[in-house]
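*Asks:* This is work_26.cif (mmCIF, C-alpha atoms).
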```
data_target
#
loop_
_atom_site.label_atom_id
_atom_site.label_comp_id
_atom_site.auth_asym_id
_atom_site.auth_seq_id
_atom_site.Cartn_x
_atom_site.Cartn_y
_atom_site.Cartn_z
CA MET A 1 8.55 -12.93 -2.88
CA GLU A 2 9.32 -8.66 -1.50
CA ARG A 3 9.89 -8.56 0.36
CA SER A 4 12.11 -8.89 3.87
CA LEU A 5 15.55 -10.35 3.39
CA PHE A 6 14.39 -13.83 4.25
CA ARG A 7 11.22 -14.06 2.17
CA LYS A 8 12.34 -17.11 0.27
CA PHE A 9 13.77 -18.57 3.47
CA LEU A 10 10.32 -18.62 4.97
CA THR A 11 8.91 -21.52 2.97
CA SER A 12 7.89 -24.93 4.16
CA VAL A 13 8.01 -28.53 3.12
CA ALA A 14 4.53 -28.69 4.59
CA ALA A 15 3.37 -26.27 1.91
CA ILE A 16 4.43 -28.64 -0.83
CA ALA A 17 2.88 -31.68 0.78
CA ALA A 18 -0.40 -29.90 1.41
CA VAL A 19 -0.63 -28.34 -2.02
CA SER A 20 -0.13 -31.74 -3.63
CA LEU A 21 -3.60 -32.62 -2.39
CA VAL A 22 -5.00 -29.99 -4.73
CA SER A 23 -4.16 -31.97 -7.84
CA LEU A 24 -6.23 -34.85 -6.50
CA THR A 25 -9.30 -32.72 -5.94
CA ALA A 26 -8.81 -30.76 -9.15
CA ALA A 27 -8.72 -34.01 -11.11
CA CYS A 28 -12.18 -34.86 -9.89
CA SER A 29 -13.94 -31.65 -10.90
CA SER A 30 -13.60 -28.69 -13.21
CA THR A 31 -13.15 -25.06 -12.22
CA PRO A 32 -16.43 -23.83 -10.74
CA ALA A 33 -18.38 -21.17 -12.58
CA ASN A 34 -19.36 -17.91 -10.96
CA GLU A 35 -22.36 -18.42 -8.75
CA ALA A 36 -25.36 -16.13 -9.12
CA GLN A 37 -26.72 -14.74 -5.88
CA ASP A 38 -28.81 -11.87 -4.58
CA GLY A 39 -26.92 -8.86 -3.29
CA PRO A 40 -23.18 -8.19 -3.36
CA VAL A 41 -20.81 -11.12 -3.71
CA GLU A 42 -17.98 -11.43 -1.21
CA ILE A 43 -14.46 -12.33 -2.26
CA ARG A 44 -11.45 -12.97 -0.06
CA PHE A 45 -8.09 -11.32 -0.75
CA SER A 46 -4.91 -12.52 0.97
CA TRP A 47 -1.51 -10.89 1.24
CA TRP A 48 1.43 -10.63 3.65
CA GLY A 49 3.21 -7.60 5.02
CA ASN A 50 3.48 -5.10 7.82
CA GLU A 51 0.82 -2.80 9.20
CA GLY A 52 1.74 -0.04 6.76
CA ARG A 53 0.99 -2.31 3.79
CA ALA A 54 -2.27 -3.38 5.42
CA GLN A 55 -3.37 0.24 5.76
CA LEU A 56 -2.56 1.06 2.14
CA THR A 57 -4.27 -2.07 0.84
CA THR A 58 -7.36 -1.45 2.95
CA LYS A 59 -7.65 2.03 1.42
CA ALA A 60 -7.35 0.59 -2.09
CA ILE A 61 -10.01 -2.00 -1.29
CA ALA A 62 -12.36 0.75 -0.12
CA GLU A 63 -11.86 2.55 -3.45
CA PHE A 64 -12.59 -0.66 -5.32
CA GLU A 65 -15.76 -1.36 -3.35
CA ALA A 66 -16.97 2.19 -3.97
CA ALA A 67 -16.49 1.67 -7.71
CA ASN A 68 -17.98 -1.85 -7.57
CA PRO A 69 -20.82 -1.79 -5.04
CA ASP A 70 -21.85 -5.34 -6.04
CA ILE A 71 -18.56 -6.74 -4.72
CA LYS A 72 -17.35 -6.85 -1.13
CA VAL A 73 -13.74 -7.74 -0.34
CA LYS A 74 -12.73 -9.56 2.82
CA PRO A 75 -9.04 -8.92 3.58
CA GLU A 76 -6.86 -11.71 4.96
CA TYR A 77 -3.30 -10.76 5.80
CA GLY A 78 -0.53 -11.49 8.23
CA ASP A 79 3.19 -11.74 8.65
CA ILE A 80 5.19 -13.57 5.99
CA SER A 81 6.43 -16.17 8.48
CA GLY A 82 3.17 -18.13 8.56
CA TYR A 83 1.59 -16.99 5.30
CA PHE A 84 2.42 -19.91 3.01
CA ASP A 85 1.83 -22.59 5.63
CA LYS A 86 -1.65 -21.17 6.18
CA LEU A 87 -2.25 -20.94 2.44
CA ALA A 88 -1.22 -24.56 1.89
CA THR A 89 -3.74 -25.67 4.50
CA GLN A 90 -6.48 -23.55 2.95
CA VAL A 91 -5.80 -24.83 -0.56
CA ALA A 92 -5.73 -28.45 0.57
CA ALA A 93 -9.11 -27.93 2.25
CA ASN A 94 -10.60 -26.22 -0.85
CA ASP A 95 -10.88 -23.04 1.21
CA ALA A 96 -8.39 -20.80 -0.58
CA PRO A 97 -8.94 -17.04 -0.82
CA ASP A 98 -10.28 -15.86 -4.17
CA VAL A 99 -7.36 -13.51 -4.85
CA ILE A 100 -4.06 -14.83 -3.53
CA THR A 101 -0.84 -12.86 -3.35
CA MET A 102 2.19 -15.00 -4.14
CA GLY A 103 5.90 -14.54 -4.71
CA GLY A 104 8.98 -16.27 -6.02
CA ALA A 105 8.38 -19.79 -7.36
CA TYR A 106 4.99 -20.18 -5.68
CA PRO A 107 2.88 -19.34 -8.76
CA ALA A 108 4.52 -22.19 -10.67
CA GLU A 109 4.29 -24.51 -7.67
CA TYR A 110 0.57 -23.95 -7.24
CA ALA A 111 -0.25 -23.69 -10.94
CA ASN A 112 1.42 -27.01 -11.68
CA ARG A 113 -0.77 -28.60 -9.01
CA GLY A 114 -4.01 -27.22 -10.41
CA ALA A 115 -4.64 -24.63 -7.72
CA LEU A 116 -4.59 -21.46 -9.83
CA LEU A 117 -6.91 -20.11 -12.50
CA ASP A 118 -5.76 -19.69 -16.09
CA LEU A 119 -6.29 -15.93 -16.36
CA SER A 120 -7.29 -16.13 -20.01
CA LYS A 121 -10.63 -17.39 -18.68
CA VAL A 122 -11.33 -13.98 -17.14
CA SER A 123 -9.92 -11.78 -19.90
CA GLY A 124 -13.21 -9.91 -20.09
CA ALA A 125 -12.68 -8.61 -16.55
CA LEU A 126 -8.89 -8.46 -16.45
CA ASP A 127 -7.03 -6.36 -19.02
CA LEU A 128 -3.30 -7.08 -19.16
CA SER A 129 -2.56 -5.18 -22.38
CA ALA A 130 -0.79 -2.29 -20.61
CA MET A 131 1.58 -4.50 -18.60
CA ASP A 132 5.29 -4.59 -19.44
CA PRO A 133 6.04 -7.69 -21.56
CA GLY A 134 8.72 -8.88 -19.15
CA ALA A 135 6.36 -8.56 -16.21
CA LEU A 136 3.72 -10.60 -18.05
CA GLU A 137 6.25 -13.34 -18.75
CA ASN A 138 7.19 -13.47 -15.07
CA GLY A 139 3.61 -14.49 -14.28
CA GLN A 140 3.45 -17.27 -16.87
CA VAL A 141 3.96 -20.98 -16.33
CA GLN A 142 4.71 -22.90 -19.52
CA GLY A 143 3.13 -20.09 -21.53
CA THR A 144 -0.08 -19.82 -19.50
CA GLN A 145 -0.79 -16.65 -17.53
CA TYR A 146 -1.45 -17.51 -13.90
CA GLY A 147 -0.06 -14.46 -12.12
CA VAL A 148 -0.13 -10.68 -12.55
CA SER A 149 2.99 -8.83 -11.45
CA THR A 150 2.42 -6.27 -8.72
CA GLY A 151 5.61 -4.43 -9.71
CA ALA A 152 9.31 -4.75 -10.41
CA ASN A 153 11.87 -5.48 -7.75
CA ALA A 154 15.59 -6.23 -7.57
CA LEU A 155 18.14 -7.32 -5.01
CA ALA A 156 20.09 -4.45 -3.51
CA ILE A 157 22.29 -3.49 -0.62
CA VAL A 158 20.36 -1.10 1.62
CA VAL A 159 22.82 1.16 3.44
CA ASN A 160 22.45 3.50 6.39
CA PRO A 161 24.87 6.39 5.74
CA ALA A 162 24.52 7.56 9.35
CA VAL A 163 25.94 4.28 10.66
CA PHE A 164 28.83 4.54 8.18
CA ALA A 165 29.53 8.13 9.27
CA ALA A 166 29.42 7.29 12.97
CA ALA A 167 31.94 4.50 12.39
CA GLY A 168 34.14 6.68 10.19
CA VAL A 169 33.85 4.23 7.30
CA PRO A 170 33.40 5.64 3.78
CA LEU A 171 30.52 4.49 1.60
CA PRO A 172 31.72 1.98 -1.01
CA ASP A 173 31.75 2.54 -4.75
CA ASP A 174 29.10 0.12 -5.95
CA SER A 175 30.36 0.27 -9.52
CA THR A 176 33.59 -1.48 -8.58
CA TRP A 177 33.26 -3.25 -5.21
CA ASP A 178 33.40 -7.01 -4.84
CA TRP A 179 32.42 -9.47 -2.13
CA ASP A 180 35.78 -9.13 -0.35
CA ASP A 181 35.17 -5.37 -0.18
CA PHE A 182 31.70 -5.97 1.25
CA ALA A 183 33.06 -8.27 3.96
CA GLN A 184 35.87 -5.88 4.90
CA THR A 185 33.57 -2.85 4.97
CA ALA A 186 31.07 -4.70 7.16
CA ALA A 187 33.80 -5.87 9.56
CA ASP A 188 35.19 -2.33 9.82
CA ILE A 189 31.76 -0.92 10.71
CA THR A 190 31.19 -3.53 13.41
CA ALA A 191 34.62 -2.92 14.92
CA LYS A 192 34.10 0.84 15.06
CA SER A 193 30.46 0.86 16.22
CA PRO A 194 28.79 0.42 19.61
CA LYS A 195 28.13 -3.15 20.74
CA GLY A 196 25.03 -4.51 19.00
CA THR A 197 25.55 -2.58 15.77
CA TYR A 198 26.84 -4.60 12.83
CA GLY A 199 28.27 -3.90 9.42
CA THR A 200 25.70 -6.15 7.78
CA ALA A 201 22.36 -7.07 9.28
CA THR A 202 22.49 -10.60 7.94
CA VAL A 203 24.65 -13.28 6.39
CA LEU A 204 23.84 -14.41 2.86
CA THR A 205 20.34 -15.45 1.81
CA HIS A 206 18.74 -17.87 -0.63
CA ASP A 207 18.19 -15.00 -3.06
CA SER A 208 21.83 -14.02 -2.91
CA LEU A 209 22.83 -17.62 -3.67
CA ASP A 210 21.16 -17.14 -7.05
CA ALA A 211 23.02 -13.87 -7.64
CA PHE A 212 26.26 -15.44 -6.41
CA ALA A 213 25.87 -18.19 -9.02
CA ARG A 214 24.87 -15.84 -11.84
CA GLN A 215 27.99 -13.75 -11.29
CA ARG A 216 29.93 -16.95 -12.09
CA GLY A 217 28.01 -17.63 -15.28
CA GLU A 218 25.76 -20.21 -13.57
CA SER A 219 22.21 -19.92 -12.24
CA LEU A 220 20.01 -21.41 -9.58
CA TYR A 221 17.87 -23.19 -12.19
CA THR A 222 18.18 -23.88 -15.90
CA GLN A 223 15.50 -23.36 -18.51
CA ASP A 224 14.63 -27.08 -18.43
CA GLY A 225 14.14 -27.10 -14.65
CA GLN A 226 17.48 -28.49 -13.49
CA LEU A 227 19.85 -27.07 -10.89
CA GLY A 228 22.15 -24.71 -12.74
CA LEU A 229 25.00 -24.33 -10.25
CA GLY A 230 27.80 -26.59 -9.08
CA VAL A 231 28.84 -27.81 -5.66
CA ASP A 232 31.90 -25.51 -5.64
CA THR A 233 29.71 -22.43 -5.96
CA VAL A 234 27.43 -23.61 -3.17
CA GLN A 235 30.44 -24.34 -0.94
CA ASP A 236 31.90 -20.88 -1.59
CA TYR A 237 28.51 -19.39 -0.71
CA PHE A 238 28.42 -21.19 2.66
CA ASP A 239 32.08 -20.34 3.26
CA TYR A 240 31.35 -16.68 2.72
CA SER A 241 28.27 -16.70 4.93
CA LEU A 242 30.31 -18.29 7.73
CA LYS A 243 33.08 -15.74 7.24
CA LEU A 244 30.66 -12.86 7.75
CA SER A 245 29.44 -14.38 11.01
CA GLU A 246 32.82 -15.43 12.39
CA SER A 247 34.46 -12.08 11.64
CA GLY A 248 31.72 -10.15 13.40
CA ALA A 249 30.76 -8.42 10.18
CA ALA A 250 27.32 -9.99 10.70
CA PRO A 251 25.57 -11.20 13.86
CA ASN A 252 26.54 -14.57 15.31
CA ALA A 253 24.58 -17.72 14.53
CA SER A 254 22.11 -17.37 17.40
CA GLU A 255 21.18 -13.78 16.63
CA THR A 256 20.97 -14.51 12.91
CA VAL A 257 18.42 -17.27 13.52
CA GLU A 258 16.49 -15.09 15.97
CA LYS A 259 16.08 -12.45 13.26
CA LEU A 260 14.78 -14.81 10.56
CA ASN A 261 11.08 -14.31 11.18
CA VAL A 262 10.90 -10.80 12.58
CA SER A 263 9.01 -7.85 11.14
CA THR A 264 10.69 -5.04 9.22
CA GLU A 265 10.67 -2.91 12.35
CA GLN A 266 12.55 -5.59 14.31
CA THR A 267 15.36 -6.15 11.83
CA LEU A 268 18.73 -4.66 12.72
CA MET A 269 18.43 -2.28 9.77
CA GLY A 270 14.93 -1.29 10.87
CA MET A 271 16.27 -0.56 14.36
CA GLY A 272 19.17 1.51 13.03
CA GLN A 273 21.74 -1.05 14.17
CA ALA A 274 23.23 -2.09 10.81
CA GLY A 275 25.28 -0.36 8.17
CA MET A 276 24.16 -2.64 5.33
CA MET A 277 21.48 -5.21 4.54
CA LEU A 278 21.10 -7.38 1.46
CA THR A 279 17.40 -7.37 0.63
CA TRP A 280 14.88 -6.43 -2.06
CA SER A 281 14.76 -2.87 -3.33
CA ASN A 282 11.12 -2.29 -2.42
CA SER A 283 12.03 -2.79 1.25
CA LEU A 284 13.69 0.63 1.29
CA SER A 285 10.61 2.66 2.19
CA ALA A 286 9.53 0.39 5.04
CA LEU A 287 13.08 0.13 6.41
CA SER A 288 13.54 3.90 6.17
CA LYS A 289 10.32 4.51 8.04
CA ALA A 290 11.20 1.97 10.72
CA SER A 291 14.73 3.28 11.25
CA GLY A 292 13.92 6.96 10.86
CA ALA A 293 17.04 7.21 8.71
CA ASP A 294 17.70 8.36 5.16
CA LEU A 295 18.64 4.97 3.69
CA LYS A 296 20.17 4.42 0.25
CA LEU A 297 20.41 1.60 -2.30
CA LEU A 298 23.65 0.22 -3.72
CA LYS A 299 24.17 -2.42 -6.38
CA LEU A 300 25.33 -5.84 -5.23
CA PRO A 301 29.06 -6.45 -4.83
CA GLY A 302 30.75 -8.42 -7.60
CA GLU A 303 28.57 -7.23 -10.47
CA THR A 304 31.58 -6.85 -12.77
CA PRO A 305 32.56 -8.39 -15.08
CA THR A 306 29.43 -10.58 -14.97
CA ALA A 307 26.15 -9.24 -13.54
CA GLY A 308 24.30 -11.50 -11.15
CA ILE A 309 21.32 -9.24 -10.61
CA TRP A 310 17.97 -9.50 -12.37
CA LEU A 311 14.59 -7.79 -12.39
CA GLN A 312 11.94 -9.80 -10.62
CA SER A 313 8.28 -9.27 -9.97
CA SER A 314 7.97 -8.24 -6.36
CA GLN A 315 4.81 -10.29 -5.93
CA PHE A 316 1.98 -11.70 -8.03
CA TYR A 317 -1.79 -11.48 -7.80
CA THR A 318 -3.30 -14.88 -8.61
CA ILE A 319 -6.86 -16.24 -8.56
CA SER A 320 -7.84 -19.54 -7.00
CA ALA A 321 -8.97 -22.20 -9.47
CA ARG A 322 -11.70 -23.06 -6.96
CA SER A 323 -13.05 -19.53 -6.64
CA LYS A 324 -16.81 -19.27 -7.08
CA HIS A 325 -16.50 -15.61 -8.09
CA THR A 326 -13.71 -15.52 -10.64
CA ASP A 327 -15.05 -12.46 -12.50
CA ALA A 328 -15.26 -10.47 -9.29
CA ALA A 329 -11.78 -11.61 -8.34
CA ALA A 330 -10.49 -10.60 -11.77
CA LYS A 331 -12.07 -7.16 -11.42
CA LEU A 332 -10.19 -6.65 -8.15
CA VAL A 333 -6.87 -7.64 -9.71
CA ASP A 334 -7.58 -5.39 -12.70
CA PHE A 335 -8.31 -2.49 -10.35
CA LEU A 336 -5.10 -3.03 -8.39
CA VAL A 337 -2.82 -2.99 -11.44
CA ASN A 338 -4.69 -0.70 -13.87
CA ASN A 339 -6.54 1.92 -11.83
CA GLU A 340 -4.89 5.25 -11.06
CA SER A 341 -6.62 5.67 -7.71
CA ALA A 342 -5.24 2.32 -6.55
CA ALA A 343 -1.79 3.14 -7.94
CA LYS A 344 -1.74 6.46 -6.10
CA ILE A 345 -2.52 4.68 -2.83
CA ILE A 346 -0.20 1.69 -3.12
CA GLN A 347 2.56 3.53 -5.05
CA SER A 348 5.75 1.41 -4.87
CA ASP A 349 4.87 -0.66 -1.81
CA ARG A 350 4.64 -3.83 -3.94
CA GLY A 351 7.39 -2.82 -6.33
CA VAL A 352 7.58 -0.23 -9.08
CA PRO A 353 4.32 -0.69 -11.09
CA SER A 354 4.55 -2.89 -14.19
CA ASN A 355 1.99 -0.73 -16.00
CA SER A 356 3.74 2.31 -17.51
CA GLY A 357 0.60 4.41 -17.15
CA MET A 358 0.54 3.71 -13.42
CA ARG A 359 4.24 4.61 -13.13
CA THR A 360 3.45 7.98 -14.69
CA ALA A 361 0.45 8.46 -12.39
CA ILE A 362 2.50 8.03 -9.20
CA GLN A 363 5.73 9.71 -10.28
CA ASP A 364 5.06 12.99 -8.51
CA LEU A 365 3.56 11.31 -5.45
CA LEU A 366 6.44 9.06 -4.52
CA THR A 367 8.24 9.67 -1.26
CA PRO A 368 11.96 10.36 -1.52
CA GLN A 369 12.53 6.68 -0.72
CA GLY A 370 9.99 5.63 -3.34
CA LYS A 371 11.81 7.72 -5.92
CA VAL A 372 15.09 6.07 -4.96
CA GLU A 373 13.47 2.66 -5.49
CA ALA A 374 12.13 3.69 -8.90
CA GLU A 375 15.48 5.14 -9.96
CA TYR A 376 17.24 1.96 -8.87
CA ILE A 377 14.88 -0.24 -10.89
CA ASP A 378 15.39 2.02 -13.88
CA GLN A 379 19.17 1.67 -13.47
CA ILE A 380 18.97 -2.13 -13.18
CA GLY A 381 16.68 -2.29 -16.20
CA LYS A 382 19.41 -0.79 -18.37
CA MET A 383 21.96 -3.43 -17.37
CA ASP A 384 22.87 -6.42 -19.50
CA PHE A 385 22.05 -9.49 -17.43
CA ALA A 386 21.36 -13.14 -18.10
CA PRO A 387 17.77 -14.43 -18.46
CA THR A 388 15.98 -15.77 -15.40
CA TYR A 389 14.02 -18.99 -15.15
CA ILE A 390 11.20 -19.65 -12.76
CA GLY A 391 11.84 -22.54 -10.42
CA PRO A 392 10.39 -25.99 -11.25
CA THR A 393 7.80 -27.78 -9.17
CA GLY A 394 9.32 -28.48 -5.77
CA SER A 395 11.62 -25.49 -5.88
CA THR A 396 9.84 -23.70 -3.04
CA ALA A 397 11.37 -26.35 -0.76
CA VAL A 398 14.87 -25.45 -1.94
CA SER A 399 14.85 -22.09 -0.15
CA GLU A 400 14.04 -23.93 3.08
CA ILE A 401 16.92 -26.30 2.40
CA THR A 402 19.24 -23.33 1.88
CA ALA A 403 18.17 -21.76 5.17
CA ARG A 404 18.59 -25.02 7.08
CA MET A 405 22.00 -25.79 5.60
CA ASN A 406 23.17 -22.23 6.20
CA THR A 407 22.06 -22.46 9.83
CA ASP A 408 23.92 -25.74 10.27
CA VAL A 409 27.06 -24.13 8.84
CA LEU A 410 26.77 -21.09 11.12
CA PHE A 411 26.38 -23.32 14.19
CA LYS A 412 29.23 -25.52 12.83
CA ARG A 413 27.12 -28.63 12.73
CA LEU A 414 28.21 -29.03 9.10
CA SER A 415 31.30 -27.86 7.25
CA PRO A 416 30.66 -25.67 4.18
CA GLY A 417 31.82 -28.56 1.98
CA LYS A 418 29.48 -31.11 3.54
CA ALA A 419 26.63 -28.59 3.54
CA ALA A 420 27.16 -27.96 -0.18
CA GLU A 421 27.08 -31.67 -1.00
CA GLN A 422 23.93 -32.14 1.08
CA TRP A 423 22.33 -29.05 -0.47
CA ILE A 424 22.86 -30.42 -3.98
CA SER A 425 21.47 -33.82 -3.01
CA GLU A 426 18.41 -32.53 -1.16
CA SER A 427 17.64 -29.84 -3.74
CA ASN A 428 17.74 -32.35 -6.60
CA ALA A 429 15.39 -34.58 -4.63
CA ALA A 430 13.03 -31.65 -3.97
CA ILE A 431 12.67 -30.86 -7.68
CA GLY A 432 12.47 -34.52 -8.62
CA LYS A 433 15.86 -34.87 -10.29
#
```
Would you mind writing the file's structure down as structure tokens?

*Replies:*
Amino acid sequence: MERSLFRKFLTSVAAIAAVSLVSLTAACSSTPANEAQDGPVEIRFSWWGNEGRAQLTTKAIAEFEAANPDIKVKPEYGDISGYFDKLATQVAANDAPDVITMGGAYPAEYANRGALLDLSKVSGALDLSAMDPGALENGQVQGTQYGVSTGANALAIVVNPAVFAAAGVPLPDDSTWDWDDFAQTAADITAKSPKGTYGTATVLTHDSLDAFARQRGESLYTQDGQLGLGVDTVQDYFDYSLKLSESGAAPNASETVEKLNVSTEQTLMGMGQAGMMLTWSNSLSALSKASGADLKLLKLPGETPTAGIWLQSSQFYTISARSKHTDAAAKLVDFLVNNESAAKIIQSDRGVPSNSGMRTAIQDLLTPQGKVEAEYIDQIGKMDFAPTYIGPTGSTAVSEITARMNTDVLFKRLSPGKAAEQWISESNAAIGK
């Protein structure tokens, strides 16, 4: 889910409750066929992101409409903070956009509730033969293709070398550093920087909980849809998050919560007031533009001896099962992932393209930051890491549970131990275990 640092934080229990209504309506009727009509058909296309992404996507849509004059595309976009709540309401009301951008566990969540189209039904309009096999698998739910990867993404530490230099703190060696090194480096930057500038822009996130577990030989979920990590790992995660806040390495609890739903430009990294930020690799370009700084990417701390990182689809294009224009919707998705003109516009904004031909097409066009993102993904792709498993139905609520428990720990309403026990209990309940 791309994104900003808190993309998986920004989910809602309301989304799950609302989407559950879809299965009731889907049970009563089959997927509608494309409707014939005079003149161009209109399809709706939803995504989240900042104004820069909106401008790029609008340009790509214009290219698509020029190549397909019988199809008009109505864009629907907004900030990530309200995106999935709005989508849940639309889906429950049978008013979903035709092409829906999703991330994280949402494709499985919606597919399992009958809200998404089996893309084999539009294979005549959507060619997935040039997609990387791993990217294709990321968009499958129990072997059925429901999503098309927009591009590859990976967790990273974004660093601002200028903040390090101003504080007189050397850049870490990301081939050897561990989480203690990260905490000490962040604390040193805060101590040696002007008030309001921090070593790390945030405490830990739901995404980093997964990496934290994988470095210990565990995982957030198992292949059969169970929780794959123990209470000790969750407690250590909350302990560490609290340590970052209490030491001043990261902002205090109040400022951390204030920054949960802000735009890229309003993050501490985007404002040039952080030395490091744990986020997704494709955030580099937007953060660099916002900060006006030459930002870099480092691997996560603690990646030796066991890697916790993985390659993930930045986002997915999906098609509503209730769309009346599935062929037109499929043509738009096909254009976005297979057409060179679209690739040259979007470049790496939604991750490094999962179509090798599109990667070649944009190679010479990438900004310096875009090239750094592509090089980082190439580096991660050569690493030996454990397989990843898409979250089971209900797992989109788990990220909200993580955010809530983490907030309670930061404000000292719960101890890390109690928060870990409650996290295990609530997360098991969310996924029906």

*Asks:* With all atoms listed in the file as the atoms that count, which of A:Gln142, A:Asn153, A:Asn406, A:Thr58 lies nearest to A:Ser283?

*Replies:*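 Comparing A:Gln142, A:Asn153, A:Asn406, A:Thr58 against A:Ser283, the winner is A:Asn153.
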
*Asks:* Please report as a Markdown table every residue of stretch 261-348 of chain A lying within 7 Å of stretch 109-120 of chain A, along with the nearest atom pair and their distance in Å (one decimal), using all atoms listed in the file.

*Replies:*
```
| residue | atom | partner | partner_atom | distance |
| --- | --- | --- | --- | --- |
| A:Thr318 | CA | A:Leu116 | CA | 6.8 |
| A:Ile319 | CA | A:Leu117 | CA | 5.5 |
| A:Ser320 | CA | A:Leu116 | CA | 4.7 |
| A:Ala321 | CA | A:Leu117 | CA | 4.2 |
```

*Asks:* Residues within 7 Å of stretch 213-219 of chain A, please, as an mmCIF file with C-alpha atoms, in the coordinates of the input. Count only C-alpha atoms; anything in the same chain fewer than 5 positions from it doesn't count.

*Replies:*
```
data_model
loop_
_atom_site.group_PDB
_atom_site.id
_atom_site.type_symbol
_atom_site.label_atom_id
_atom_site.label_comp_id
_atom_site.auth_asym_id
_atom_site.auth_seq_id
_atom_site.Cartn_x
_atom_site.Cartn_y
_atom_site.Cartn_z
ATOM 1 C CA GLY A 228 22.150 -24.710 -12.740
ATOM 2 C CA LEU A 229 25.000 -24.330 -10.250
ATOM 3 C CA THR A 233 29.710 -22.430 -5.960
ATOM 4 C CA GLU A 303 28.570 -7.230 -10.470
ATOM 5 C CA THR A 306 29.430 -10.580 -14.970
ATOM 6 C CA ALA A 307 26.150 -9.240 -13.540
ATOM 7 C CA GLY A 308 24.300 -11.500 -11.150
#
```

*Asks:* With all atoms listed in the file as the basis for distance, which of A:Asn50, A:Thr267, A:Thr402, A:Ser341 is at the shortest distance from A:Gln422?

*Replies:* A:Thr402

*Asks:* Which polymer residues have any atom within 9 Å of an atom of stretch 269-280 of chain A, counting all atoms listed in the file, with same-chain residues fewer than 2 positions away left out, as number ranges by chain?

*Replies:* A: 2-6, 153-164, 186, 189-190, 196-205, 207-208, 250, 263-267, 282-284, 286-293, 300, 314

*Asks:* Tell me which protein, DNA and RNA residues are within 9 Å of A:Leu128, counting only C-alpha atoms, leaving out same-chain ones fewer than 2 positions away, and put them as a ChimeraX atom specification.

*Replies:* /A:123,126,130-132,136,148,334,337-338,355

*Asks:* With all atoms listed in the file as the basis for distance, which of A:Ser245, A:Ser149, A:Thr57, A:Asn261 is at the shortest distance from A:Gly134?

*Replies:*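 So, comparing all the options, the nearest one is A:Ser149.
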
*Asks:* Do you know which residues lie at most 12 Å from (-11.9, -19.5, 3.4), with coordinates as in the file and all atoms listed in the file counted, and could you write them as a PyMOL selection string?

*Replies:* chain A and resi 42-46+74-76+86-100+320+322-324

*Asks:* Next, the residues of the selection above should be written as a compact mmCIF listing (two decimals), in the coordinates of the input with C-alpha atoms.

*Replies:*
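See selection06.txt below for the written result:
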```txt
# COMPACT_ATOMS: atom_id res chain seq x y z
CA GLU A 42 -17.98 -11.43 -1.21
CA ILE A 43 -14.46 -12.33 -2.26
CA ARG A 44 -11.45 -12.97 -0.06
CA PHE A 45 -8.09 -11.32 -0.75
CA SER A 46 -4.91 -12.52 0.97
CA LYS A 74 -12.73 -9.56 2.82
CA PRO A 75 -9.04 -8.92 3.58
CA GLU A 76 -6.86 -11.71 4.96
CA LYS A 86 -1.65 -21.17 6.18
CA LEU A 87 -2.25 -20.94 2.44
CA ALA A 88 -1.22 -24.56 1.89
CA THR A 89 -3.74 -25.67 4.50
CA GLN A 90 -6.48 -23.55 2.95
CA VAL A 91 -5.80 -24.83 -0.56
CA ALA A 92 -5.73 -28.45 0.57
CA ALA A 93 -9.11 -27.93 2.25
CA ASN A 94 -10.60 -26.22 -0.85
CA ASP A 95 -10.88 -23.04 1.21
CA ALA A 96 -8.39 -20.80 -0.58
CA PRO A 97 -8.94 -17.04 -0.82
CA ASP A 98 -10.28 -15.86 -4.17
CA VAL A 99 -7.36 -13.51 -4.85
CA ILE A 100 -4.06 -14.83 -3.53
CA SER A 320 -7.84 -19.54 -7.00
CA ARG A 322 -11.70 -23.06 -6.96
CA SER A 323 -13.05 -19.53 -6.64
CA LYS A 324 -16.81 -19.27 -7.08
```

*Asks:* Between A:Pro301, A:Met383, A:Leu410, A:Leu365, single out the one closest to A:Pro251, counting all atoms listed in the file.

*Replies:*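 Once distances to A:Pro251 are computed over all atoms listed in the file, the minimum belongs to A:Leu410.
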
*Asks:* Within 12 Å of (28.8, -26.0, 11.6), all atoms listed in the file: residues as a list in words?

*Replies:*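 The distance filter leaves exactly Phe238, Asp239, Ser241, Leu242, Lys243, Ser245, Glu246, Ala253, Arg404, Met405, Asn406, Thr407, Asp408, Val409, Leu410, Phe411, Lys412, Arg413, Leu414, Ser415, Pro416, Gly417, Lys418 and Ala419 of chain A.
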
*Asks:* Quick one: pull the distance between atom CA of A:Gly168 and atom CA of A:Leu298, Å, one decimal.

*Replies:*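 Answer for the atom CA of A:Gly168 to atom CA of A:Leu298 separation: 18.6 Å.
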
*Asks:* For atom CA of A:Val352 and atom CA of A:Glu375, quote the distance in Å rounded to one decimal.

*Replies:*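 So the two atoms, atom CA of A:Val352 and atom CA of A:Glu375, lie 9.6 Å apart.
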